[in-house]
$ cat coords_13.txt   # compact mmCIF, C-alpha atoms
# COMPACT_ATOMS: atom_id res chain seq x y z
CA MET F 1466 34.64 54.87 -11.69
CA ASN F 1467 31.55 57.00 -12.29
CA THR F 1468 28.21 56.37 -10.59
CA LYS F 1469 26.75 54.64 -13.63
CA GLY F 1470 29.75 52.30 -13.81
CA ALA F 1471 29.46 51.47 -10.11
CA ILE F 1472 25.78 50.61 -10.52
CA LEU F 1473 26.54 48.35 -13.45
CA LEU F 1474 29.32 46.61 -11.51
CA CYS F 1475 27.04 45.99 -8.54
CA ALA F 1476 24.37 44.60 -10.85
CA LEU F 1477 26.91 42.31 -12.50
CA LEU F 1478 28.17 41.05 -9.14
CA ALA F 1479 24.59 40.35 -8.08
CA VAL F 1480 24.04 38.29 -11.22
CA VAL F 1481 27.30 36.43 -10.67
CA PHE F 1482 26.32 35.65 -7.08
CA ALA F 1483 22.88 34.46 -8.09
CA PHE F 1484 24.34 32.23 -10.79
CA THR F 1485 27.01 30.87 -8.47
CA ALA F 1486 24.51 30.05 -5.74
CA CYS F 1487 22.10 28.37 -8.10
CA ASP F 1488 24.92 26.56 -9.86
CA GLY F 1489 26.10 24.95 -6.65
CA GLY F 1490 29.10 27.18 -5.92
CA THR F 1491 30.34 27.56 -2.37
CA ASP F 1492 30.10 31.33 -1.84
CA GLY F 1493 26.78 32.38 -0.37
CA GLY F 1494 27.66 36.04 -0.28
CA GLY F 1495 26.75 36.32 3.40
CA ARG F 1496 23.15 35.21 2.94
CA THR F 1497 21.18 33.51 5.71
CA VAL F 1498 20.44 29.78 5.39
CA THR F 1499 17.83 28.41 7.78
CA MET F 1500 17.69 24.76 8.75
CA TRP F 1501 15.05 22.98 10.81
CA SER F 1502 15.95 19.80 12.68
CA PHE F 1503 13.82 17.52 14.85
CA ALA F 1504 16.86 15.70 16.33
CA PRO F 1505 18.44 17.25 19.46
CA ASN F 1506 21.57 15.07 19.17
CA ASN F 1507 22.14 16.19 15.60
CA VAL F 1508 21.56 19.83 16.52
CA VAL F 1509 24.45 19.55 18.98
CA GLU F 1510 26.68 18.42 16.09
CA TRP F 1511 25.55 21.20 13.74
CA LYS F 1512 26.06 23.91 16.35
CA ALA F 1513 29.53 22.58 17.15
CA ARG F 1514 30.38 22.83 13.44
CA GLN F 1515 28.41 26.01 12.75
CA ALA F 1516 31.37 28.37 12.48
CA ASP F 1517 33.16 26.05 10.05
CA ILE F 1518 30.08 25.65 7.86
CA GLU F 1519 29.43 29.39 7.82
CA LYS F 1520 33.02 30.13 6.86
CA LYS F 1521 33.20 27.50 4.12
CA PHE F 1522 30.04 28.72 2.38
CA ASN F 1523 30.10 32.39 3.42
CA ILE F 1524 26.65 32.18 4.98
CA LYS F 1525 24.90 32.77 8.26
CA LEU F 1526 23.49 29.41 9.31
CA VAL F 1527 20.38 29.59 11.48
CA ILE F 1528 19.65 26.24 13.15
CA GLU F 1529 16.17 25.79 14.58
CA GLU F 1530 15.16 22.76 16.61
CA VAL F 1531 11.50 21.97 15.93
CA ALA F 1532 9.72 19.42 18.11
CA GLN F 1533 9.09 16.13 16.36
CA ASN F 1534 5.37 16.14 17.11
CA ALA F 1535 4.98 19.59 15.54
CA PHE F 1536 7.52 19.42 12.72
CA PHE F 1537 5.41 18.21 9.81
CA GLN F 1538 2.40 20.33 10.71
CA LYS F 1539 4.55 23.46 10.95
CA LEU F 1540 6.31 22.73 7.66
CA GLN F 1541 2.99 22.05 5.93
CA ALA F 1542 1.43 25.25 7.28
CA ASN F 1543 4.38 27.44 6.35
CA MET F 1544 4.66 26.01 2.86
CA THR F 1545 0.94 26.50 2.33
CA ALA F 1546 1.20 30.10 3.49
CA GLY F 1547 4.45 30.64 1.57
CA THR F 1548 6.17 32.23 4.56
CA ASP F 1549 9.14 31.30 6.74
CA VAL F 1550 9.87 28.11 4.83
CA PRO F 1551 13.30 26.77 5.86
CA ASP F 1552 16.02 26.31 3.27
CA ILE F 1553 16.96 22.86 4.58
CA ILE F 1554 15.08 20.39 6.73
CA GLU F 1555 16.44 17.49 8.73
CA TRP F 1556 13.64 15.03 9.25
CA MET F 1557 13.07 11.42 10.26
CA ILE F 1558 13.10 8.50 7.85
CA GLU F 1559 10.23 6.69 9.56
CA ASN F 1560 6.70 7.98 8.96
CA ASN F 1561 8.27 11.02 7.35
CA ARG F 1562 5.15 12.23 5.44
CA VAL F 1563 7.15 14.66 3.32
CA LEU F 1564 8.21 12.35 0.47
CA ASP F 1565 6.11 11.39 -2.53
CA ALA F 1566 6.95 9.41 -5.66
CA ASN F 1567 5.42 12.29 -7.63
CA PRO F 1568 7.75 15.31 -7.24
CA ALA F 1569 4.80 17.67 -7.69
CA LYS F 1570 3.22 16.24 -4.53
CA SER F 1571 6.40 15.91 -2.48
CA TYR F 1572 7.12 18.53 0.17
CA VAL F 1573 10.80 18.38 -0.75
CA GLN F 1574 12.61 18.54 -4.06
CA PRO F 1575 14.12 15.54 -5.84
CA LEU F 1576 17.90 15.66 -5.78
CA ASP F 1577 18.37 13.46 -8.84
CA ASP F 1578 20.48 15.87 -10.91
CA PHE F 1579 22.71 16.70 -7.96
CA VAL F 1580 23.38 13.14 -6.82
CA LYS F 1581 24.10 12.04 -10.39
CA SER F 1582 26.81 14.66 -10.80
CA SER F 1583 28.16 14.32 -7.26
CA SER F 1584 31.50 12.68 -6.56
CA VAL F 1585 30.39 12.05 -2.96
CA PHE F 1586 26.87 10.60 -3.09
CA PRO F 1587 27.82 7.47 -5.10
CA LYS F 1588 29.81 6.42 -2.02
CA VAL F 1589 26.68 6.41 0.17
CA LEU F 1590 25.50 2.86 0.87
CA PRO F 1591 22.69 1.92 -1.58
CA GLY F 1592 20.85 0.14 1.24
CA ARG F 1593 20.67 3.41 3.13
CA ALA F 1594 19.85 5.66 0.17
CA ALA F 1595 16.90 3.38 -0.59
CA TRP F 1596 15.03 4.74 2.44
CA VAL F 1597 14.86 8.21 0.86
CA THR F 1598 14.15 7.01 -2.68
CA TYR F 1599 10.52 7.05 -3.79
CA GLY F 1600 9.38 6.35 -7.33
CA GLY F 1601 12.98 6.32 -8.53
CA HIS F 1602 13.64 9.82 -7.15
CA THR F 1603 16.24 10.50 -4.47
CA TYR F 1604 14.86 13.11 -2.10
CA GLY F 1605 17.33 13.29 0.76
CA LEU F 1606 20.83 12.76 2.09
CA PRO F 1607 20.82 10.23 4.96
CA HIS F 1608 22.74 11.21 8.06
CA ASP F 1609 23.49 7.73 9.37
CA VAL F 1610 23.47 3.99 8.71
CA HIS F 1611 22.01 2.57 11.93
CA PRO F 1612 23.29 -0.97 11.23
CA VAL F 1613 21.63 -3.62 13.39
CA VAL F 1614 23.64 -6.11 15.43
CA LEU F 1615 22.72 -8.73 18.04
CA ILE F 1616 23.65 -7.96 21.64
CA TYR F 1617 23.35 -10.88 24.04
CA ASN F 1618 23.93 -11.93 27.64
CA ASP F 1619 26.71 -14.45 27.18
CA THR F 1620 26.58 -15.50 30.85
CA ILE F 1621 22.96 -16.60 30.89
CA TRP F 1622 22.97 -18.14 27.43
CA LYS F 1623 26.02 -20.26 28.24
CA SER F 1624 24.45 -21.26 31.56
CA VAL F 1625 21.82 -23.17 29.55
CA GLY F 1626 24.43 -24.65 27.23
CA VAL F 1627 24.16 -22.26 24.27
CA ASP F 1628 27.02 -20.33 22.70
CA VAL F 1629 25.16 -17.67 20.72
CA ALA F 1630 28.31 -16.85 18.74
CA THR F 1631 28.05 -20.24 16.98
CA LEU F 1632 24.41 -19.92 15.84
CA LYS F 1633 24.34 -19.35 12.09
CA THR F 1634 20.64 -18.82 11.33
CA TRP F 1635 17.55 -17.50 13.04
CA ASP F 1636 16.06 -20.99 12.91
CA GLU F 1637 19.01 -22.19 15.00
CA PHE F 1638 18.65 -19.21 17.33
CA PHE F 1639 14.97 -19.84 18.02
CA ALA F 1640 15.51 -23.57 18.45
CA ALA F 1641 18.20 -22.81 21.04
CA SER F 1642 15.89 -20.28 22.70
CA LYS F 1643 13.73 -23.12 23.97
CA LYS F 1644 16.57 -24.04 26.34
CA LEU F 1645 16.62 -20.47 27.59
CA ILE F 1646 12.92 -20.30 28.47
CA ALA F 1647 12.99 -23.76 30.06
CA GLN F 1648 14.15 -22.18 33.34
CA GLN F 1649 10.88 -21.08 34.93
CA SER F 1650 9.37 -19.82 38.14
CA GLY F 1651 5.65 -19.86 38.84
CA GLY F 1652 5.05 -21.28 35.37
CA LYS F 1653 6.78 -18.36 33.62
CA PRO F 1654 10.26 -18.23 32.08
CA LEU F 1655 12.97 -16.45 34.04
CA HIS F 1656 14.69 -15.42 30.83
CA TYR F 1657 13.56 -14.48 27.33
CA ALA F 1658 15.42 -14.53 24.05
CA LEU F 1659 14.18 -11.34 22.36
CA PRO F 1660 11.83 -8.39 22.91
CA TYR F 1661 8.75 -7.91 20.74
CA ALA F 1662 5.50 -6.07 21.44
CA LYS F 1663 3.34 -8.32 19.21
CA ASN F 1664 2.50 -5.34 17.04
CA GLY F 1665 3.14 -6.52 13.51
CA LEU F 1666 6.01 -5.31 11.37
CA GLN F 1667 7.58 -3.29 14.16
CA SER F 1668 10.70 -3.50 16.36
CA SER F 1669 12.32 -6.97 16.18
CA MET F 1670 10.07 -8.21 13.36
CA PHE F 1671 10.82 -5.09 11.31
CA MET F 1672 14.56 -5.66 11.56
CA ILE F 1673 14.58 -9.39 10.89
CA TRP F 1674 12.09 -9.00 8.00
CA GLN F 1675 14.65 -6.92 6.12
CA GLN F 1676 16.93 -9.95 6.00
CA THR F 1677 14.36 -12.10 4.21
CA GLY F 1678 14.58 -10.42 0.81
CA SER F 1679 10.79 -10.07 0.70
CA GLN F 1680 9.23 -6.65 0.13
CA ILE F 1681 5.92 -5.10 1.14
CA LEU F 1682 5.89 -2.79 -1.91
CA ASP F 1683 6.93 -3.52 -5.46
CA ALA F 1684 9.00 -1.15 -7.59
CA SER F 1685 5.88 0.75 -8.66
CA GLY F 1686 4.78 1.30 -5.06
CA LYS F 1687 1.98 -1.29 -4.98
CA PRO F 1688 1.58 -3.43 -1.83
CA THR F 1689 2.77 -7.05 -1.91
CA PHE F 1690 1.72 -8.42 1.49
CA THR F 1691 0.27 -11.53 -0.13
CA ASP F 1692 3.45 -12.34 -2.01
CA PRO F 1693 4.44 -15.95 -1.17
CA LYS F 1694 7.83 -14.85 0.12
CA PHE F 1695 6.34 -12.46 2.65
CA VAL F 1696 3.59 -14.91 3.60
CA GLU F 1697 6.25 -17.53 4.32
CA PHE F 1698 8.10 -15.13 6.59
CA ALA F 1699 4.93 -14.01 8.42
CA LYS F 1700 3.96 -17.63 9.12
CA LYS F 1701 7.44 -18.52 10.34
CA TRP F 1702 7.47 -15.45 12.54
CA GLN F 1703 4.22 -16.50 14.13
CA THR F 1704 5.61 -19.91 15.02
CA TRP F 1705 8.51 -18.15 16.75
CA VAL F 1706 6.10 -15.88 18.64
CA ASP F 1707 3.95 -18.84 19.67
CA SER F 1708 7.00 -20.64 21.07
CA GLY F 1709 7.01 -18.18 23.98
CA VAL F 1710 10.59 -16.90 23.63
CA PHE F 1711 9.61 -13.21 23.37
CA THR F 1712 8.99 -10.70 26.14
CA ASP F 1713 7.38 -7.32 25.56
CA TRP F 1714 9.49 -4.57 24.04
CA ASP F 1715 9.31 -2.18 26.99
CA TRP F 1716 10.86 1.17 26.01
CA GLY F 1717 10.88 2.52 29.55
CA GLN F 1718 12.25 -0.57 31.31
CA PHE F 1719 14.46 -1.96 28.55
CA GLY F 1720 17.75 -1.37 30.36
CA ALA F 1721 16.34 -2.74 33.62
CA LEU F 1722 15.21 -5.96 31.92
CA LEU F 1723 18.75 -6.44 30.62
CA ALA F 1724 20.23 -5.74 34.03
CA ASN F 1725 18.04 -8.23 35.89
CA GLY F 1726 18.49 -11.00 33.30
CA THR F 1727 14.90 -11.10 32.06
CA LEU F 1728 15.92 -10.03 28.55
CA CYS F 1729 18.94 -11.97 27.30
CA SER F 1730 19.43 -10.55 23.81
CA PHE F 1731 18.14 -7.89 21.45
CA THR F 1732 18.59 -6.71 17.89
CA SER F 1733 20.01 -3.23 18.10
CA PRO F 1734 20.74 -0.32 15.75
CA ASP F 1735 23.61 1.91 16.85
CA TRP F 1736 21.34 4.39 18.62
CA TRP F 1737 19.93 1.69 20.94
CA VAL F 1738 23.19 0.00 21.96
CA GLY F 1739 23.44 2.19 25.06
CA GLN F 1740 20.56 0.30 26.67
CA VAL F 1741 23.13 -2.28 27.76
CA ASP F 1742 25.29 0.28 29.58
CA THR F 1743 23.86 -0.14 33.08
CA ALA F 1744 23.85 -3.93 32.95
CA ALA F 1745 27.40 -4.06 31.60
CA LYS F 1746 28.64 -1.59 34.21
CA GLU F 1747 27.15 -3.61 37.07
CA GLY F 1748 29.30 -6.54 35.98
CA LYS F 1749 26.92 -9.30 37.04
CA TYR F 1750 26.71 -10.56 33.47
CA GLN F 1751 29.09 -10.63 30.52
CA PHE F 1752 27.63 -9.22 27.32
CA ARG F 1753 28.79 -9.87 23.78
CA VAL F 1754 27.86 -8.57 20.33
CA ARG F 1755 27.73 -10.24 16.93
CA ALA F 1756 26.21 -9.92 13.46
CA LEU F 1757 22.59 -10.97 13.16
CA PRO F 1758 22.00 -14.65 12.43
CA GLU F 1759 21.07 -15.18 8.79
CA TYR F 1760 17.45 -15.67 7.79
CA TYR F 1761 18.61 -17.96 5.01
CA ALA F 1762 22.07 -19.41 4.39
CA GLY F 1763 24.30 -16.79 2.82
CA GLY F 1764 21.77 -14.02 3.39
CA PRO F 1765 22.31 -10.54 4.89
CA LYS F 1766 23.56 -10.34 8.46
CA SER F 1767 22.17 -6.94 9.30
CA ALA F 1768 19.31 -4.50 8.80
CA SER F 1769 18.58 -0.85 9.56
CA TRP F 1770 16.17 0.94 11.87
CA GLY F 1771 15.52 4.64 12.31
CA GLY F 1772 17.52 7.60 11.14
CA SER F 1773 17.29 11.05 9.64
CA PHE F 1774 17.94 12.79 6.35
CA MET F 1775 18.41 16.31 5.01
CA ALA F 1776 16.28 17.66 2.20
CA ILE F 1777 15.33 20.89 0.43
CA PRO F 1778 11.69 22.06 0.59
CA ARG F 1779 9.90 22.38 -2.72
CA GLY F 1780 10.08 25.86 -4.22
CA LYS F 1781 13.57 26.81 -3.13
CA ASP F 1782 15.26 28.18 -6.26
CA ASN F 1783 18.86 27.88 -5.06
CA ALA F 1784 18.76 24.13 -4.58
CA ALA F 1785 22.19 23.41 -6.09
CA PHE F 1786 23.85 25.69 -3.54
CA LEU F 1787 21.84 24.22 -0.67
CA TYR F 1788 22.71 20.72 -1.83
CA LYS F 1789 26.42 21.54 -1.49
CA ILE F 1790 25.84 22.68 2.09
CA MET F 1791 23.90 19.54 2.97
CA GLU F 1792 26.48 17.25 1.42
CA TYR F 1793 29.26 18.92 3.37
CA MET F 1794 27.32 18.77 6.63
CA GLN F 1795 26.48 15.11 6.22
CA TYR F 1796 29.62 13.69 4.65
CA ASP F 1797 32.65 15.87 5.39
CA LYS F 1798 35.28 13.22 6.05
CA SER F 1799 37.04 15.14 8.81
CA SER F 1800 33.82 15.25 10.87
CA ILE F 1801 32.68 11.65 10.48
CA ALA F 1802 35.02 10.18 13.09
CA THR F 1803 33.91 12.81 15.60
CA ARG F 1804 30.26 11.93 14.94
CA PHE F 1805 30.90 8.28 15.74
CA LYS F 1806 32.99 9.11 18.83
CA ASP F 1807 30.40 11.50 20.25
CA THR F 1808 27.16 9.76 19.30
CA GLY F 1809 28.01 6.19 18.22
CA MET F 1810 26.33 6.87 14.86
CA LEU F 1811 27.94 5.48 11.73
CA THR F 1812 27.89 7.70 8.63
CA PRO F 1813 26.84 5.85 5.42
CA MET F 1814 30.13 6.45 3.58
CA SER F 1815 32.48 3.48 3.58
CA GLU F 1816 35.52 5.50 2.50
CA ALA F 1817 35.41 7.38 5.79
CA TRP F 1818 35.49 4.31 8.01
CA ASP F 1819 39.21 3.59 7.90
CA THR F 1820 40.19 5.53 11.03
CA ASP F 1821 41.22 4.40 14.51
CA VAL F 1822 38.03 5.60 16.18
CA PHE F 1823 36.13 2.69 14.61
CA LYS F 1824 38.69 0.15 15.85
CA GLN F 1825 38.51 0.73 19.59
CA ALA F 1826 37.88 -2.11 22.02
CA ASP F 1827 34.51 -1.81 23.77
CA ALA F 1828 34.63 -2.75 27.46
CA ARG F 1829 30.87 -3.40 27.51
CA PHE F 1830 31.45 -6.39 25.25
CA GLY F 1831 34.63 -7.81 26.72
CA GLY F 1832 36.88 -5.79 24.45
CA GLN F 1833 35.11 -6.65 21.19
CA LYS F 1834 35.39 -3.91 18.57
CA LEU F 1835 31.82 -2.76 18.08
CA GLY F 1836 32.71 -0.19 15.42
CA GLU F 1837 34.44 -2.75 13.23
CA LEU F 1838 31.48 -5.10 13.54
CA GLN F 1839 28.99 -2.36 12.64
CA ILE F 1840 31.08 -1.43 9.60
CA SER F 1841 31.26 -5.05 8.52
CA VAL F 1842 27.51 -5.63 8.66
CA ALA F 1843 26.67 -2.19 7.22
CA LYS F 1844 28.31 -3.22 3.97
CA ASP F 1845 25.84 -6.11 3.86
CA MET F 1846 22.75 -4.00 4.51
CA PRO F 1847 19.63 -5.07 2.56
CA LYS F 1848 17.93 -2.66 0.18
CA VAL F 1849 14.28 -2.04 1.06
CA VAL F 1850 11.78 -0.69 -1.48
CA SER F 1851 10.06 2.37 0.01
CA GLY F 1852 7.17 4.36 -1.38
CA ASN F 1853 4.22 6.60 -0.66
CA ILE F 1854 2.21 4.12 1.41
CA PHE F 1855 5.12 2.24 2.99
CA TRP F 1856 4.72 3.44 6.56
CA ASP F 1857 0.93 3.52 6.44
CA ALA F 1858 0.92 -0.03 5.12
CA ILE F 1859 3.05 -1.13 8.08
CA ASN F 1860 0.47 0.46 10.37
CA ASP F 1861 -2.28 -1.37 8.47
CA TYR F 1862 -0.53 -4.64 9.28
CA THR F 1863 -0.20 -3.61 12.93
CA GLU F 1864 -3.97 -3.18 13.05
CA GLN F 1865 -4.62 -6.58 11.53
CA TYR F 1866 -1.93 -8.20 13.66
CA ALA F 1867 -3.93 -7.34 16.77
CA GLN F 1868 -6.73 -9.53 15.39
CA LEU F 1869 -4.22 -12.21 14.44
CA ASN F 1870 -2.68 -12.18 17.89
CA ALA F 1871 -6.14 -12.49 19.45
CA GLY F 1872 -6.78 -15.62 17.39
CA LYS F 1873 -9.51 -13.98 15.32
CA LEU F 1874 -7.55 -14.13 12.03
CA THR F 1875 -5.11 -16.54 10.46
CA VAL F 1876 -1.82 -15.23 9.12
CA GLU F 1877 -3.16 -15.46 5.56
CA GLN F 1878 -6.36 -13.61 6.48
CA ALA F 1879 -4.46 -10.85 8.27
CA LEU F 1880 -2.18 -10.37 5.28
CA GLN F 1881 -5.09 -10.34 2.84
CA LYS F 1882 -6.87 -7.66 4.86
CA THR F 1883 -3.64 -5.67 5.06
CA GLN F 1884 -3.20 -5.99 1.30
CA GLU F 1885 -6.71 -4.70 0.69
CA ALA F 1886 -6.31 -1.76 3.08
CA ALA F 1887 -2.94 -0.78 1.61
CA ALA F 1888 -4.20 -1.11 -1.98
CA ALA F 1889 -7.12 1.17 -1.15
CA ARG F 1890 -4.66 3.89 -0.16
CA LEU F 1891 -3.31 4.01 -3.69
CA LYS F 1892 -6.74 4.97 -4.98

$ encode --input "coords_13.txt" --output "structure tokens"
Amino acid sequence: MNTKGAILLCALLAVVFAFTACDGGTDGGGRTVTMWSFAPNNVVEWKARQADIEKKFNIKLVIEEVAQNAFFQKLQANMTAGTDVPDIIEWMIENNRVLDANPAKSYVQPLDDFVKSSSVFPKVLPGRAAWVTYGGHTYGLPHDVHPVVLIYNDTIWKSVGVDVATLKTWDEFFAASKKLIAQQSGGKPLHYALPYAKNGLQSSMFMIWQQTGSQILDASGKPTFTDPKFVEFAKKWQTWVDSGVFTDWDWGQFGALLANGTLCSFTSPDWWVGQVDTAAKEGKYQFRVRALPEYYAGGPKSASWGGSFMAIPRGKDNAAFLYKIMEYMQYDKSSIATRFKDTGMLTPMSEAWDTDVFKQADARFGGQKLGELQISVAKDMPKVVSGNIFWDAINDYTEQYAQLNAGKLTVEQALQKTQEAAAARLK
């Protein structure tokens, strides 16, 4: 082949590579793909699988762990400067700041065309995909489900005559909780039913709220805090708080409160289950796990809290190729069982759950099969409407809740002020 022919062949191969990469093929031609992640546990998984990912896509995968408190600012600065923008980001679902219902304002690209043509994404639980869907656009691939279950101290509950396993609704649970707090010393209960920091739609309230079917945003992204359904829930919640069955959600001492019997139950996503480890190992108490009581008869028996997703920053012109990499990293069936075994995190793909690793007896809960329970409730996970002001609106309610908790506002007044503050954000 003469020199001219060789040049033409090289040019043709370059075009073919560019087309293949942009068209979602799996040969990266040895190019470098950079991913930022804020999650140390996930980084361990990606590095363990790095060689496999690199081989499958013919790439060099550079994995950078970026501190959570600096992640968004660094991404924003680099995108503004147009330099060193990662190809893929792995970021948190809560307070994520990078999504926007308007694709032109979002820091990451909508994946609508890719998920529509994918044979994999339709198998992702709709209740999980909803957290990364703004304005009808799907922006990310969720890494996990984080289904919420109820973990409880069976020993103490039964000592006051309550079998938590038989309680069908939250109304029944809170009625029974009065027996629990009846045991007192110095005028204070020895035991409490649930943890809650009296900070609005956070922690326990956030999880149980999802079961109600009420929303804080409508489909267009407008706040709905004064909707009768949400008002009803907020008022009921306050009666539960006022009954005295809650103790503070103490992040630092959570495990210790379980071990000494102060905290007798808690709603837990998969990443928080380990808080019971010390108490269960000590053996003083027997712990059990079950689906959440229903908010209303026949309603959902679970919720979701926390999690991460992968997305492609706006401006990347090889998005179809990057999407293939993300989808493989998140949902490769052969890796899903290992993820659960190593981290306890359930991947949001039901077709991958039929393996023995999810069916193991858990000694912490008297041999109950935690994985099977989490799978069962995950299928029932409610679908929450997210949007641009979702997380800010929750913080608005936290601010008003402080006034409500101090007795300076009624529930209705707190919700009205929250509605006004959230509506102002849309302007």

$ closest_atom_pairs --input "coords_13.txt" --of "stretch 1754-1828 of chain F" --to "stretch 1570-1574 of chain F" --cutoff "6 Å" --atoms "only C-alpha atoms" --output "JSON lines"
{"residue": "F:Ile1777", "atom": "CA", "partner": "F:Val1573", "partner_atom": "CA", "distance": 5.3}
{"residue": "F:Pro1778", "atom": "CA", "partner": "F:Val1573", "partner_atom": "CA", "distance": 4.0}
{"residue": "F:Arg1779", "atom": "CA", "partner": "F:Val1573", "partner_atom": "CA", "distance": 4.5}

$ atom_distance --input "coords_13.txt" --atom1 "atom CA of F:Ala1776" --atom2 "atom CA of F:Val1531"
15.2 Å

$ closest_residue --input "coords_13.txt" --among "F:Met1814, F:Ile1840, F:Ala1569, F:Ala1886" --to "F:His1608" --atoms "all atoms listed in the file"
F:Met1814

$ atom_distance --input "coords_13.txt" --atom1 "atom CA of F:Trp1818" --atom2 "atom CA of F:Lys1588"
11.7 Å

$ residues_around --input "coords_13.txt" --residues "F:Asn1534" --least-positions-apart "6" --cutoff "12 Å" --atoms "only C-alpha atoms" --output "PDB file with C-alpha atoms, in the frame of the given file"
ATOM      1  CA  PHE F1503      13.820  17.520  14.850  1.00  0.00           C
ATOM      2  CA  ALA F1504      16.860  15.700  16.330  1.00  0.00           C
ATOM      3  CA  LEU F1540       6.310  22.730   7.660  1.00  0.00           C
ATOM      4  CA  TRP F1556      13.640  15.030   9.250  1.00  0.00           C
ATOM      5  CA  MET F1557      13.070  11.420  10.260  1.00  0.00           C
ATOM      6  CA  ASN F1560       6.700   7.980   8.960  1.00  0.00           C
ATOM      7  CA  ASN F1561       8.270  11.020   7.350  1.00  0.00           C
TER       8      ASN F1561
END

$ residues_around --input "coords_13.txt" --residues "F:Asp1797" --least-positions-apart "3" --cutoff "12 Å" --atoms "only C-alpha atoms" --output "list in words"
Arg1514, Asp1517, Ile1518, Lys1521, Val1585, Phe1586, His1608, Lys1789, Ile1790, Met1791, Glu1792, Tyr1793, Met1794, Ser1800, Ile1801, Ala1802, Thr1803, Arg1804, Thr1812, Pro1813, Met1814, Glu1816 and Ala1817 of chain F

$ residues_around --input "coords_13.txt" --residues "F:His1611" --least-positions-apart "6" --cutoff "6 Å" --atoms "only C-alpha atoms" --output "PyMOL selection string"
chain F and resi 1734-1735+1769

$ residues_around --input "coords_13.txt" --residues "F:Ser1767" --least-positions-apart "4" --cutoff "8 Å" --atoms "all atoms listed in the file" --output "NGL selection string"
:F and (1612-1614 or 1676 or 1756-1757 or 1842-1843 or 1845-1847)

$ atom_distance --input "coords_13.txt" --atom1 "atom CA of F:Leu1615" --atom2 "atom CA of F:Ser1733"
6.1 Å
